[in-house]
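The file query-v3.csv comes next; it holds CSV, C-alpha atoms.
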```csv
chain,number,residue,atom,x,y,z
A,1,MET,CA,-28.9,-9.7,6.9
A,2,THR,CA,-26.3,-12.4,7.7
A,3,ARG,CA,-26.8,-15.6,5.7
A,4,GLU,CA,-26.6,-18.6,8.0
A,5,ARG,CA,-25.5,-20.8,5.2
A,6,ALA,CA,-24.5,-20.2,1.6
A,7,ALA,CA,-22.3,-21.9,-1.0
A,8,TYR,CA,-20.4,-20.5,-4.0
A,9,ARG,CA,-18.9,-22.4,-6.9
A,10,SER,CA,-16.2,-21.0,-9.1
A,11,ARG,CA,-14.0,-22.3,-11.9
A,12,TRP,CA,-10.9,-21.9,-9.8
A,13,LEU,CA,-10.3,-21.2,-6.1
A,14,PHE,CA,-6.9,-20.0,-5.0
A,15,PRO,CA,-6.7,-20.5,-1.2
A,16,GLY,CA,-3.5,-18.5,-0.9
A,17,ASP,CA,-1.6,-21.1,1.1
A,18,GLY,CA,-2.0,-24.2,-1.1
A,19,PRO,CA,-2.5,-25.2,-4.7
A,20,PRO,CA,-5.5,-23.9,-6.8
A,21,LEU,CA,-8.7,-26.0,-6.7
A,22,ALA,CA,-10.7,-26.5,-9.9
A,23,GLN,CA,-14.5,-26.3,-9.9
A,24,ALA,CA,-14.3,-25.5,-6.2
A,25,THR,CA,-17.2,-24.7,-3.8
A,26,LEU,CA,-16.8,-22.4,-0.8
A,27,ILE,CA,-19.4,-23.1,1.9
A,28,VAL,CA,-20.2,-20.3,4.3
A,29,GLU,CA,-21.9,-20.7,7.7
A,30,ALA,CA,-22.7,-17.7,10.0
A,31,GLY,CA,-20.4,-15.5,8.0
A,32,ARG,CA,-17.3,-17.8,8.1
A,33,ILE,CA,-15.8,-20.3,5.7
A,34,ALA,CA,-17.1,-23.6,6.8
A,35,HIS,CA,-15.7,-25.8,4.1
A,36,ILE,CA,-13.9,-25.7,0.7
A,37,THR,CA,-14.5,-28.7,-1.6
A,38,SER,CA,-14.3,-29.8,-5.2
A,39,ARG,CA,-17.3,-32.1,-4.7
A,40,HIS,CA,-20.5,-31.1,-6.3
A,41,VAL,CA,-22.8,-29.1,-4.0
A,42,PRO,CA,-26.3,-28.9,-5.5
A,43,GLU,CA,-27.4,-25.8,-3.7
A,44,ALA,CA,-24.2,-23.8,-4.5
A,45,VAL,CA,-24.6,-20.5,-6.4
A,46,ASP,CA,-22.5,-20.9,-9.6
A,47,LEU,CA,-20.5,-17.7,-10.0
A,48,GLY,CA,-19.4,-18.9,-13.4
A,49,ASN,CA,-16.1,-18.4,-15.2
A,50,VAL,CA,-14.3,-16.7,-12.3
A,51,ALA,CA,-11.6,-17.3,-9.8
A,52,LEU,CA,-11.9,-16.7,-6.1
A,53,ILE,CA,-8.8,-15.4,-4.4
A,54,PRO,CA,-7.9,-14.1,-1.0
A,55,PRO,CA,-8.9,-10.4,-0.3
A,56,LEU,CA,-6.9,-7.9,-2.3
A,57,VAL,CA,-4.9,-5.4,-0.3
A,58,ASN,CA,-3.9,-2.0,-1.6
A,59,THR,CA,-1.0,-1.3,0.8
A,60,HIS,CA,-0.4,2.3,-0.2
A,61,ALA,CA,-2.9,4.8,-1.5
A,62,HIS,CA,-3.5,8.6,-1.4
A,63,LEU,CA,-7.3,8.7,-1.7
A,64,GLU,CA,-7.4,12.5,-1.6
A,65,PHE,CA,-6.6,12.5,-5.4
A,66,SER,CA,-9.3,10.1,-6.4
A,67,HIS,CA,-11.1,12.8,-8.3
A,68,LEU,CA,-8.4,13.0,-10.9
A,69,THR,CA,-8.9,11.4,-14.3
A,70,SER,CA,-5.2,11.3,-15.2
A,71,PRO,CA,-1.9,11.6,-13.3
A,72,ILE,CA,-0.5,15.1,-12.5
A,73,ALA,CA,1.9,16.3,-15.2
A,74,PRO,CA,4.7,16.8,-15.8
A,75,ALA,CA,6.2,13.9,-13.9
A,76,LEU,CA,9.7,15.3,-14.1
A,77,PRO,CA,11.5,17.1,-12.7
A,78,PHE,CA,10.1,15.6,-9.5
A,79,PRO,CA,9.9,18.9,-7.5
A,80,ARG,CA,7.8,20.3,-10.3
A,81,TRP,CA,5.4,17.3,-9.9
A,82,ILE,CA,5.2,18.2,-6.2
A,83,ASP,CA,4.2,21.7,-7.2
A,84,GLY,CA,1.4,20.1,-9.2
A,85,VAL,CA,0.3,18.1,-6.1
A,86,ILE,CA,0.2,21.2,-4.0
A,87,ALA,CA,-1.8,23.1,-6.6
A,88,CYS,CA,-4.2,20.2,-7.0
A,89,ARG,CA,-5.0,20.3,-3.3
A,90,GLN,CA,-5.6,24.0,-3.4
A,91,THR,CA,-7.8,24.1,-6.5
A,92,ALA,CA,-9.8,20.8,-6.3
A,93,ASP,CA,-13.5,21.4,-6.9
A,94,LEU,CA,-14.6,18.6,-4.6
A,95,SER,CA,-14.1,18.6,-0.8
A,96,PRO,CA,-11.5,16.3,0.7
A,97,ARG,CA,-14.4,14.1,2.0
A,98,ALA,CA,-16.0,13.8,-1.4
A,99,ARG,CA,-12.6,12.9,-3.0
A,100,ILE,CA,-11.9,10.2,-0.4
A,101,GLU,CA,-15.4,8.8,-0.7
A,102,ARG,CA,-14.9,8.5,-4.4
A,103,GLY,CA,-11.6,6.6,-3.7
A,104,VAL,CA,-13.3,4.2,-1.3
A,105,ASN,CA,-16.0,3.5,-3.9
A,106,GLU,CA,-13.3,2.8,-6.5
A,107,LEU,CA,-11.4,0.5,-4.1
A,108,ARG,CA,-14.5,-1.6,-3.5
A,109,GLU,CA,-15.4,-1.8,-7.1
A,110,CYS,CA,-11.9,-3.2,-8.0
A,111,GLY,CA,-12.0,-5.9,-5.3
A,112,THR,CA,-10.0,-4.3,-2.4
A,113,HIS,CA,-10.7,-5.4,1.2
A,114,LEU,CA,-7.9,-3.5,3.0
A,115,VAL,CA,-6.1,-0.3,2.2
A,116,GLY,CA,-3.2,1.6,3.7
A,117,GLU,CA,-4.2,5.2,3.4
A,118,ILE,CA,-1.9,8.2,3.7
A,119,ALA,CA,-4.0,10.9,5.4
A,120,THR,CA,-3.4,14.6,5.1
A,121,SER,CA,-6.9,15.5,6.2
A,122,PRO,CA,-9.2,14.4,9.0
A,123,ALA,CA,-11.6,13.5,6.3
A,124,SER,CA,-9.7,10.2,5.7
A,125,VAL,CA,-10.5,9.1,9.3
A,126,ASP,CA,-14.1,10.3,9.0
A,127,VAL,CA,-14.8,8.4,5.8
A,128,LEU,CA,-12.8,5.3,6.4
A,129,ALA,CA,-14.3,4.8,9.9
A,130,ASP,CA,-17.6,4.0,8.3
A,131,ALA,CA,-16.3,2.5,5.0
A,132,PRO,CA,-17.2,-1.0,3.9
A,133,LEU,CA,-13.5,-2.1,4.0
A,134,ARG,CA,-10.7,-2.4,6.5
A,135,SER,CA,-8.1,0.4,6.6
A,136,ILE,CA,-4.9,1.5,8.2
A,137,VAL,CA,-4.9,5.3,8.2
A,138,PHE,CA,-1.4,6.7,8.3
A,139,ARG,CA,-1.5,10.3,9.5
A,140,GLU,CA,1.1,12.1,7.4
A,141,ILE,CA,3.6,14.2,9.3
A,142,ILE,CA,5.8,17.0,7.8
A,143,GLY,CA,8.3,19.0,9.8
A,144,LEU,CA,11.9,20.1,9.0
A,145,PHE,CA,12.7,22.1,12.1
A,146,PRO,CA,13.8,20.8,15.5
A,147,ASP,CA,10.9,22.0,17.7
A,148,HIS,CA,8.2,19.4,17.1
A,149,ARG,CA,6.7,19.2,20.6
A,150,ALA,CA,3.3,20.4,19.5
A,151,VAL,CA,3.1,17.8,16.7
A,152,LEU,CA,4.0,14.9,19.1
A,153,ALA,CA,1.5,16.1,21.7
A,154,ASP,CA,-1.3,16.3,19.2
A,155,LEU,CA,-0.5,12.9,17.8
A,156,ARG,CA,-0.4,11.3,21.3
A,157,ASN,CA,-3.8,12.9,22.1
A,158,ASP,CA,-5.2,11.5,18.9
A,159,PHE,CA,-4.0,8.0,19.5
A,160,THR,CA,-5.1,8.1,23.2
A,161,ALA,CA,-8.6,9.3,22.2
A,162,SER,CA,-8.9,6.6,19.5
A,163,ALA,CA,-7.7,3.7,21.6
A,164,THR,CA,-11.2,2.1,21.4
A,165,ASP,CA,-11.6,2.6,17.6
A,166,ASP,CA,-13.5,0.0,15.6
A,167,THR,CA,-11.1,-2.7,14.6
A,168,SER,CA,-12.0,-2.2,11.0
A,169,MET,CA,-9.9,1.0,11.0
A,170,LEU,CA,-6.6,1.6,12.8
A,171,ARG,CA,-4.8,5.0,13.1
A,172,ALA,CA,-1.1,4.9,12.4
A,173,LEU,CA,1.5,7.5,11.5
A,174,SER,CA,3.7,8.4,8.5
A,175,PRO,CA,6.7,10.7,8.6
A,176,HIS,CA,6.5,11.8,4.9
A,177,ALA,CA,10.0,11.6,3.5
A,178,PRO,CA,13.6,12.4,4.2
A,179,TYR,CA,13.4,15.7,2.4
A,180,SER,CA,10.4,16.8,4.5
A,181,VAL,CA,10.9,15.4,8.0
A,182,HIS,CA,13.8,16.3,10.4
A,183,PRO,CA,15.7,13.1,11.5
A,184,GLU,CA,15.0,14.0,15.1
A,185,LEU,CA,11.3,14.1,14.4
A,186,VAL,CA,11.6,10.7,12.6
A,187,GLU,CA,13.1,9.2,15.8
A,188,ALA,CA,10.4,10.8,18.0
A,189,LEU,CA,7.7,9.5,15.7
A,190,VAL,CA,9.1,6.0,16.0
A,191,ASP,CA,9.0,6.4,19.8
A,192,VAL,CA,5.2,7.2,19.4
A,193,ALA,CA,4.7,4.1,17.2
A,194,ILE,CA,6.4,2.0,19.9
A,195,GLU,CA,4.4,3.6,22.7
A,196,PHE,CA,1.0,3.0,21.0
A,197,ASP,CA,2.0,-0.2,19.1
A,198,ARG,CA,1.2,1.3,15.7
A,199,PRO,CA,2.7,0.7,12.3
A,200,ILE,CA,4.8,3.5,10.7
A,201,ALA,CA,5.2,4.2,7.0
A,202,MET,CA,7.7,6.5,5.2
A,203,HIS,CA,8.4,7.3,1.6
A,204,LEU,CA,12.1,6.1,1.2
A,205,ALA,CA,14.5,5.8,-1.6
A,206,GLU,CA,11.8,7.1,-3.9
A,207,THR,CA,14.1,9.3,-6.2
A,208,SER,CA,17.8,9.7,-6.9
A,209,GLY,CA,17.4,13.3,-5.9
A,210,GLU,CA,16.4,12.3,-2.4
A,211,LEU,CA,19.7,10.3,-2.0
A,212,GLU,CA,21.7,13.3,-3.3
A,213,LEU,CA,20.1,15.6,-0.7
A,214,ILE,CA,20.7,13.4,2.3
A,215,ALA,CA,24.2,12.5,1.3
A,216,HIS,CA,25.5,15.8,-0.1
A,217,ALA,CA,22.9,18.5,0.9
A,218,ARG,CA,22.5,19.6,-2.8
A,219,GLY,CA,20.4,18.9,-5.8
A,220,GLU,CA,16.8,19.5,-6.9
A,221,PHE,CA,15.3,19.0,-3.4
A,222,ARG,CA,17.6,21.6,-1.9
A,223,GLU,CA,16.5,24.0,-4.7
A,224,MET,CA,12.9,23.2,-3.9
A,225,LEU,CA,13.2,23.8,-0.2
A,226,GLU,CA,15.0,27.0,-0.7
A,227,ARG,CA,12.3,28.1,-3.1
A,228,PHE,CA,9.7,27.4,-0.4
A,229,GLN,CA,11.9,29.1,2.2
A,230,LEU,CA,12.1,25.9,4.1
A,231,TRP,CA,15.8,25.1,3.8
A,232,PRO,CA,16.9,24.0,7.3
A,233,GLY,CA,20.5,25.2,7.2
A,234,ASP,CA,23.0,22.6,8.2
A,235,LEU,CA,20.6,19.8,8.8
A,236,TRP,CA,22.4,17.5,6.3
A,237,ARG,CA,25.9,18.6,7.2
A,238,ASP,CA,26.7,14.9,8.1
A,239,ARG,CA,26.4,12.4,5.3
A,240,ARG,CA,23.2,10.3,5.7
A,241,ARG,CA,22.1,7.1,3.9
A,242,ILE,CA,18.7,5.4,3.4
A,243,LEU,CA,20.1,2.8,5.8
A,244,ASP,CA,20.1,5.4,8.6
A,245,TYR,CA,16.3,5.8,8.1
A,246,LEU,CA,15.8,2.0,7.9
A,247,THR,CA,17.6,1.7,11.2
A,248,SER,CA,15.2,4.2,12.8
A,249,LEU,CA,12.1,2.5,11.3
A,250,ALA,CA,13.3,-0.9,12.5
A,251,ARG,CA,12.8,0.1,16.1
A,252,ALA,CA,9.0,0.3,15.5
A,253,PRO,CA,6.7,-2.8,15.9
A,254,ARG,CA,6.0,-2.6,12.1
A,255,GLY,CA,7.5,-0.4,9.4
A,256,LEU,CA,6.6,0.2,5.7
A,257,VAL,CA,9.2,1.4,3.3
A,258,ILE,CA,7.1,3.1,0.6
A,259,HIS,CA,8.5,2.8,-3.0
A,260,GLY,CA,12.1,1.7,-2.3
A,261,ASN,CA,13.1,2.4,-5.9
A,262,TYR,CA,16.7,3.1,-5.1
A,263,LEU,CA,17.5,0.7,-2.3
A,264,ASP,CA,21.1,-0.5,-2.5
A,265,ASP,CA,22.6,-3.9,-1.4
A,266,ASP,CA,23.2,-2.8,2.1
A,267,ASP,CA,19.6,-1.6,2.5
A,268,ILE,CA,18.3,-4.9,1.1
A,269,GLU,CA,20.5,-6.9,3.5
A,270,PHE,CA,19.2,-4.9,6.4
A,271,LEU,CA,15.6,-5.4,5.3
A,272,ALA,CA,16.2,-9.1,5.1
A,273,GLU,CA,17.5,-9.1,8.6
A,274,HIS,CA,14.5,-7.2,10.0
A,275,PRO,CA,11.2,-8.9,9.0
A,276,GLN,CA,9.2,-6.3,10.8
A,277,LEU,CA,10.0,-4.0,7.8
A,278,SER,CA,8.2,-4.4,4.5
A,279,VAL,CA,8.7,-2.7,1.1
A,280,VAL,CA,5.6,-1.4,-0.7
A,281,TYR,CA,6.1,-1.3,-4.5
A,282,CYS,CA,3.9,0.8,-6.7
A,283,PRO,CA,4.7,-0.6,-10.2
A,284,ARG,CA,2.8,1.8,-12.4
A,285,THR,CA,3.8,4.9,-10.4
A,286,HIS,CA,7.4,3.7,-10.7
A,287,ALA,CA,7.0,3.5,-14.4
A,288,TYR,CA,5.2,6.9,-14.6
A,289,PHE,CA,8.3,8.6,-13.2
A,290,GLY,CA,10.7,6.7,-15.5
A,291,HIS,CA,12.8,5.2,-12.7
A,292,GLY,CA,15.4,2.6,-13.4
A,293,PRO,CA,14.7,-1.1,-12.7
A,294,HIS,CA,13.2,-1.6,-9.3
A,295,PRO,CA,15.2,-3.9,-6.9
A,296,LEU,CA,12.1,-6.2,-6.6
A,297,PRO,CA,14.0,-9.4,-7.8
A,298,GLN,CA,16.8,-8.8,-5.2
A,299,LEU,CA,14.3,-8.1,-2.4
A,300,LEU,CA,12.3,-11.3,-3.2
A,301,ALA,CA,15.5,-13.3,-3.4
A,302,ARG,CA,16.5,-12.2,0.1
A,303,GLY,CA,13.0,-13.0,1.5
A,304,VAL,CA,12.0,-9.4,2.1
A,305,ASN,CA,8.2,-9.0,2.4
A,306,VAL,CA,7.1,-6.9,-0.7
A,307,ALA,CA,3.5,-5.7,-1.0
A,308,LEU,CA,1.8,-3.8,-3.8
A,309,GLY,CA,0.2,-0.4,-3.7
A,310,THR,CA,-1.2,2.0,-6.3
A,311,ASP,CA,-0.1,5.3,-4.7
A,312,GLY,CA,-2.8,7.8,-5.8
A,313,ARG,CA,-4.4,8.9,-9.0
A,314,CYS,CA,-1.8,11.8,-8.9
A,315,SER,CA,0.6,9.3,-10.4
A,316,ASN,CA,-1.5,6.3,-11.5
A,317,PRO,CA,-4.6,6.0,-13.8
A,318,ASP,CA,-6.6,4.0,-11.2
A,319,LEU,CA,-6.6,2.4,-7.8
A,320,SER,CA,-6.8,-1.2,-8.8
A,321,VAL,CA,-4.1,-3.3,-7.2
A,322,TRP,CA,-5.0,-6.1,-9.5
A,323,ASN,CA,-4.0,-3.9,-12.4
A,324,GLU,CA,-0.6,-3.6,-10.7
A,325,VAL,CA,-0.4,-7.4,-10.8
A,326,LEU,CA,-1.2,-7.5,-14.5
A,327,PHE,CA,1.3,-4.8,-15.2
A,328,LEU,CA,4.0,-6.7,-13.4
A,329,ARG,CA,3.1,-9.9,-15.2
A,330,GLN,CA,3.6,-8.1,-18.5
A,331,HIS,CA,6.8,-6.2,-17.6
A,332,LEU,CA,8.5,-8.7,-15.2
A,333,PRO,CA,7.4,-12.1,-16.5
A,334,SER,CA,10.2,-13.8,-14.5
A,335,ILE,CA,8.3,-13.2,-11.3
A,336,PRO,CA,6.4,-16.4,-10.5
A,337,PRO,CA,2.6,-16.0,-10.7
A,338,GLU,CA,2.3,-17.4,-7.1
A,339,THR,CA,4.5,-14.5,-5.9
A,340,LEU,CA,2.4,-11.9,-7.8
A,341,LEU,CA,-0.7,-13.2,-6.1
A,342,ARG,CA,0.9,-13.2,-2.7
A,343,MET,CA,2.2,-9.6,-3.1
A,344,ALA,CA,-1.4,-8.4,-3.8
A,345,THR,CA,-2.9,-10.3,-0.9
A,346,ARG,CA,-1.2,-11.8,2.1
A,347,SER,CA,2.0,-9.7,1.7
A,348,GLY,CA,0.0,-6.6,2.0
A,349,ALA,CA,-2.0,-7.9,5.0
A,350,ALA,CA,1.3,-8.8,6.7
A,351,ALA,CA,2.9,-5.4,6.0
A,352,LEU,CA,-0.1,-3.6,7.5
A,353,GLY,CA,-0.3,-6.0,10.5
A,354,ALA,CA,-3.8,-7.2,9.5
A,355,PRO,CA,-5.3,-10.5,10.7
A,356,SER,CA,-3.9,-13.5,8.9
A,357,SER,CA,-7.4,-14.3,7.7
A,358,LEU,CA,-7.0,-11.5,5.2
A,359,GLY,CA,-4.1,-13.4,3.5
A,360,ALA,CA,-5.8,-16.7,2.7
A,361,LEU,CA,-9.1,-18.5,2.3
A,362,ARG,CA,-9.2,-20.9,5.3
A,363,VAL,CA,-11.9,-22.8,7.2
A,364,GLY,CA,-13.0,-20.8,10.2
A,365,ASP,CA,-12.0,-17.4,8.7
A,366,PRO,CA,-14.4,-14.6,7.8
A,367,ALA,CA,-15.9,-15.3,4.3
A,368,GLN,CA,-14.2,-12.5,2.5
A,369,PHE,CA,-12.7,-12.9,-0.9
A,370,SER,CA,-12.0,-11.1,-4.2
A,371,ILE,CA,-13.4,-12.4,-7.6
A,372,ILE,CA,-11.4,-12.3,-10.8
A,373,HIS,CA,-13.9,-12.4,-13.7
A,374,ASN,CA,-13.9,-13.6,-17.3
A,375,LEU,CA,-11.1,-16.1,-17.3
A,376,PRO,CA,-9.8,-17.4,-20.7
A,377,PRO,CA,-12.4,-20.2,-21.4
A,378,HIS,CA,-9.9,-22.7,-22.8
A,379,GLU,CA,-6.9,-22.1,-20.6
A,380,THR,CA,-6.3,-25.2,-18.4
A,381,ASP,CA,-3.3,-23.8,-16.3
A,382,PRO,CA,-4.9,-22.1,-13.3
A,383,TYR,CA,-2.3,-19.3,-13.0
A,384,ARG,CA,-2.3,-18.5,-16.7
A,385,ALA,CA,-6.1,-18.3,-16.6
A,386,LEU,CA,-5.9,-16.0,-13.5
A,387,LEU,CA,-3.4,-13.6,-15.0
A,388,HIS,CA,-5.0,-13.5,-18.4
A,389,ALA,CA,-8.5,-12.7,-17.2
A,390,ALA,CA,-10.4,-10.3,-19.5
A,391,THR,CA,-11.6,-8.0,-16.7
A,392,SER,CA,-10.4,-6.9,-13.3
A,393,ALA,CA,-11.5,-7.8,-9.8
A,394,THR,CA,-14.5,-7.3,-7.6
A,395,SER,CA,-15.0,-7.9,-3.9
A,396,MET,CA,-17.4,-10.0,-1.9
A,397,ASP,CA,-18.1,-10.3,1.8
A,398,ALA,CA,-20.3,-13.4,2.0
A,399,GLY,CA,-20.9,-12.7,5.7
A,400,SER,CA,-23.1,-9.8,5.1
```

Spit out the file's structure as structure tokens when you get a sec.
Amino acid sequence: MTRERAAYRSRWLFPGDGPPLAQATLIVEAGRIAHITSRHVPEAVDLGNVALIPPLVNTHAHLEFSHLTSPIAPALPFPRWIDGVIACRQTADLSPRARIERGVNELRECGTHLVGEIATSPASVDVLADAPLRSIVFREIIGLFPDHRAVLADLRNDFTASATDDTSMLRALSPHAPYSVHPELVEALVDVAIEFDRPIAMHLAETSGELELIAHARGEFREMLERFQLWPGDLWRDRRRILDYLTSLARAPRGLVIHGNYLDDDDIEFLAEHPQLSVVYCPRTHAYFGHGPHPLPQLLARGVNVALGTDGRCSNPDLSVWNEVLFLRQHLPSIPPETLLRMATRSGAAALGAPSSLGALRVGDPAQFSIIHNLPPHETDPYRALLHAATSATSMDAGS
């Protein structure tokens, strides 16, 4: 039942577009934020030693692997890890629906309000359509051969039939990666994204082997495709760069560059000039595969929108985007805490094209927020308290 009026007091409140407020009370009326104040409100529920922050956003997840208790090993060579992913799909004890339901439950338990899900099964749509969080469901597309008319027709039918979907879930599309999608199909998928005004996501610059394949038609990905009897002949006879794929994605209304571990200076400059493109960084997945330093500092310096994701449990121990924040705070202490918070909240909402209300706590917006528990009791600096909390996040929707 919707509460007509409620009030919640916290040790710190981070509105997301202004300075933190100490001993703040958030007042809710009819499911929306009516007032935020540092004055004493007698009827407020005291949430205790916690911080309220804007809703956490997990911008990139593969929920089909949510049954795993540890990442798939070995991590390298990367094609061997892909073999493990394929085997995991084929041998999983749980149904795709049960695995995705488990992932949704974990997302909610760790404070997530919005997720960008990569869907390889209709179960993602079935589960997320009724899930207690918002989602953008990117249908993953794979195809290395030039005749892709059937794929495009099916996708158009799907988008046409779902034109009246509940606004809590939006269907989108995702050409998987340069080594698994024909460049002509990438262009055609961008056309579909434009036609239906949908975001598009693609794994790009994820590994050095990917760059070797598209530039020289050799290396570990060629060997993998030949082993699968999927080598498309002279597809990469002309040298290609990540910039070619970025140029394609930039035609779409909104594009997500997933991982971006090996973006070069030209790529970063292009991204800075095309604000409809965002980079989604998955820090712990990046570390799991032992990549070199991520170009995060350069991306931020050029004003590129960078959001955080967890990838899936196939490469990450959990689905907590707040744990990604804590990992970055430990390993990249030069990144300002305000930036870390933004990457986990409003940057993800912007990347996914979600309402601006998901990026901040403002009067008039829906009363949704995440809660960071067990702050250090004697820490007086709000950001140090936030980033040294003893436990992770939970979520709250005060409108329901």

Restricting the calculation to only C-alpha atoms, which member of A:Asn323, A:Ser208, A:Thr59, A:Ser162 is positioned closest to Arg241 (chain A)? A:Ser208

Can you tell me how far CA of Thr380 (chain A) sits from CA of Trp322 (chain A), in Å to one decimal? 21.1 Å

For Ala287 (chain A), the nearest of the candidates A:Leu328, A:Leu299, A:Ile194, A:Cys110, counting all atoms listed in the file: A:Leu328

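The nearest approach to Ala172 (chain A) among the residues A:Asp147, A:Asp311, A:Glu117, A:Asp266, with only C-alpha atoms taken into account, belongs to A:Glu117.
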
Find the residues near Gln276 (chain A): any atom within 12 Å, counting all atoms listed in the file, skip ones fewer than 5 places away on the same chain, and give them as a ChimeraX atom specification. /A:199-201,246-247,249-257,270-271,304-306,350-353

Excluding Ala123 (chain A) and its own-chain neighbours fewer than 2 positions away, which residues fall within 10 Å of it when counting all atoms listed in the file? Please give them as a PyMOL selection string. chain A and resi 64+95-101+119-121+125-129

What is the distance, in Å and to one decimal place, between CA of Glu220 (chain A) and CA of Asp83 (chain A)?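 Separation between CA of Glu220 (chain A) and CA of Asp83 (chain A): 12.8 Å.
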
Restricting the calculation to only C-alpha atoms, which member of A:Ala301, A:Ile53, A:Ser135, A:Glu106 is positioned closest to Gly16 (chain A)?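 Comparing A:Ala301, A:Ile53, A:Ser135, A:Glu106 against Gly16 (chain A), the winner is A:Ile53.
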
Expressed in Å, the length from CA of Tyr245 (chain A) to CA of Arg149 (chain A) is 20.7 Å

Residues within 9 Å of Val186 (chain A), all atoms listed in the file, excluding chain neighbours under 4 positions, as a ChimeraX atom specification: /A:175,178,181-182,190-191,245,248-249

Pick the closest to Phe221 (chain A) from A:Pro336, A:Gly31, A:Gly209, A:Pro297: which is it, counting all atoms listed in the file?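 Counting all atoms listed in the file, the residue closest to Phe221 (chain A) is A:Gly209.
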
Proximity to Ser347 (chain A) - best of A:Gly359, A:Gly309, A:Pro15, A:Pro275, all atoms listed in the file: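 Using all atoms listed in the file, Ser347 (chain A) sits closest to A:Gly359.
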
Do you know which residues are at most 12 Å from Pro42 (chain A) counting all atoms listed in the file, after dropping those on the same chain fewer than 2 positions away, and could you put them as JSON, numbers by chain? {"A": [6, 7, 8, 9, 25, 27, 39, 40, 44, 45, 46]}

Residues within 6 Å of Ile258 (chain A), please, as a PyMOL selection string. Count all atoms listed in the file; anything in the same chain fewer than 2 positions from it doesn't count. chain A and resi 202-204+256+260+280

Protein/DNA/RNA residues near (-5.3, -11.2, 1.3), cut 6 Å, all atoms listed in the file, as an MDAnalysis selection string: chainID A and resid 54:56 345:346 349 358:360

If I put a ball of radius 9 Å at (-12.5, -3.8, -9.2) in the file's coordinates, which residues poke into it when counting only C-alpha atoms, written as an MDAnalysis selection string? chainID A and resid 106:112 319:322 370:372 391:395

Since the input lacks atoms, please generate all heavy atoms for region 234-238 of chain A and provide them as an mmCIF file, keeping the file's coordinate frame.
```cif
data_model
loop_
_atom_site.group_PDB
_atom_site.id
_atom_site.type_symbol
_atom_site.label_atom_id
_atom_site.label_comp_id
_atom_site.auth_asym_id
_atom_site.auth_seq_id
_atom_site.Cartn_x
_atom_site.Cartn_y
_atom_site.Cartn_z
ATOM 1 N N ASP A 234 22.016 23.661 8.224
ATOM 2 C CA ASP A 234 23.000 22.600 8.200
ATOM 3 C C ASP A 234 22.471 21.240 8.616
ATOM 4 O O ASP A 234 23.198 20.388 9.112
ATOM 5 C CB ASP A 234 24.176 22.985 9.174
ATOM 6 C CG ASP A 234 23.698 23.142 10.614
ATOM 7 O OD1 ASP A 234 22.473 23.090 10.847
ATOM 8 O OD2 ASP A 234 24.557 23.318 11.500
ATOM 9 N N LEU A 235 21.190 21.021 8.368
ATOM 10 C CA LEU A 235 20.600 19.800 8.800
ATOM 11 C C LEU A 235 21.309 18.551 8.218
ATOM 12 O O LEU A 235 21.527 17.560 8.913
ATOM 13 C CB LEU A 235 19.108 19.722 8.304
ATOM 14 C CG LEU A 235 18.349 18.409 8.512
ATOM 15 C CD1 LEU A 235 18.357 18.003 9.982
ATOM 16 C CD2 LEU A 235 16.913 18.537 8.017
ATOM 17 N N TRP A 236 21.712 18.600 6.958
ATOM 18 C CA TRP A 236 22.400 17.500 6.300
ATOM 19 C C TRP A 236 23.896 17.684 6.238
ATOM 20 O O TRP A 236 24.535 17.280 5.270
ATOM 21 C CB TRP A 236 21.776 17.184 4.955
ATOM 22 C CG TRP A 236 20.388 16.638 5.048
ATOM 23 C CD1 TRP A 236 20.025 15.384 5.447
ATOM 24 C CD2 TRP A 236 19.176 17.325 4.757
ATOM 25 N NE1 TRP A 236 18.659 15.258 5.417
ATOM 26 C CE2 TRP A 236 18.103 16.437 4.996
ATOM 27 C CE3 TRP A 236 18.877 18.614 4.312
ATOM 28 C CZ2 TRP A 236 16.772 16.788 4.809
ATOM 29 C CZ3 TRP A 236 17.557 18.977 4.135
ATOM 30 C CH2 TRP A 236 16.522 18.065 4.382
ATOM 31 N N ARG A 237 24.453 18.329 7.265
ATOM 32 C CA ARG A 237 25.900 18.600 7.200
ATOM 33 C C ARG A 237 26.668 17.240 7.337
ATOM 34 O O ARG A 237 27.800 17.142 6.866
ATOM 35 C CB ARG A 237 26.321 19.493 8.387
ATOM 36 C CG ARG A 237 26.071 18.919 9.781
ATOM 37 C CD ARG A 237 26.408 19.941 10.862
ATOM 38 N NE ARG A 237 26.176 19.408 12.196
ATOM 39 C CZ ARG A 237 24.995 19.402 12.808
ATOM 40 N NH1 ARG A 237 23.937 19.895 12.181
ATOM 41 N NH2 ARG A 237 24.864 18.914 14.024
ATOM 42 N N ASP A 238 26.066 16.246 7.990
ATOM 43 C CA ASP A 238 26.700 14.900 8.100
ATOM 44 C C ASP A 238 26.038 14.023 7.014
ATOM 45 O O ASP A 238 24.817 13.994 6.858
ATOM 46 C CB ASP A 238 26.471 14.311 9.460
ATOM 47 C CG ASP A 238 27.117 15.144 10.547
ATOM 48 O OD1 ASP A 238 28.213 15.673 10.297
ATOM 49 O OD2 ASP A 238 26.513 15.273 11.633
#
```
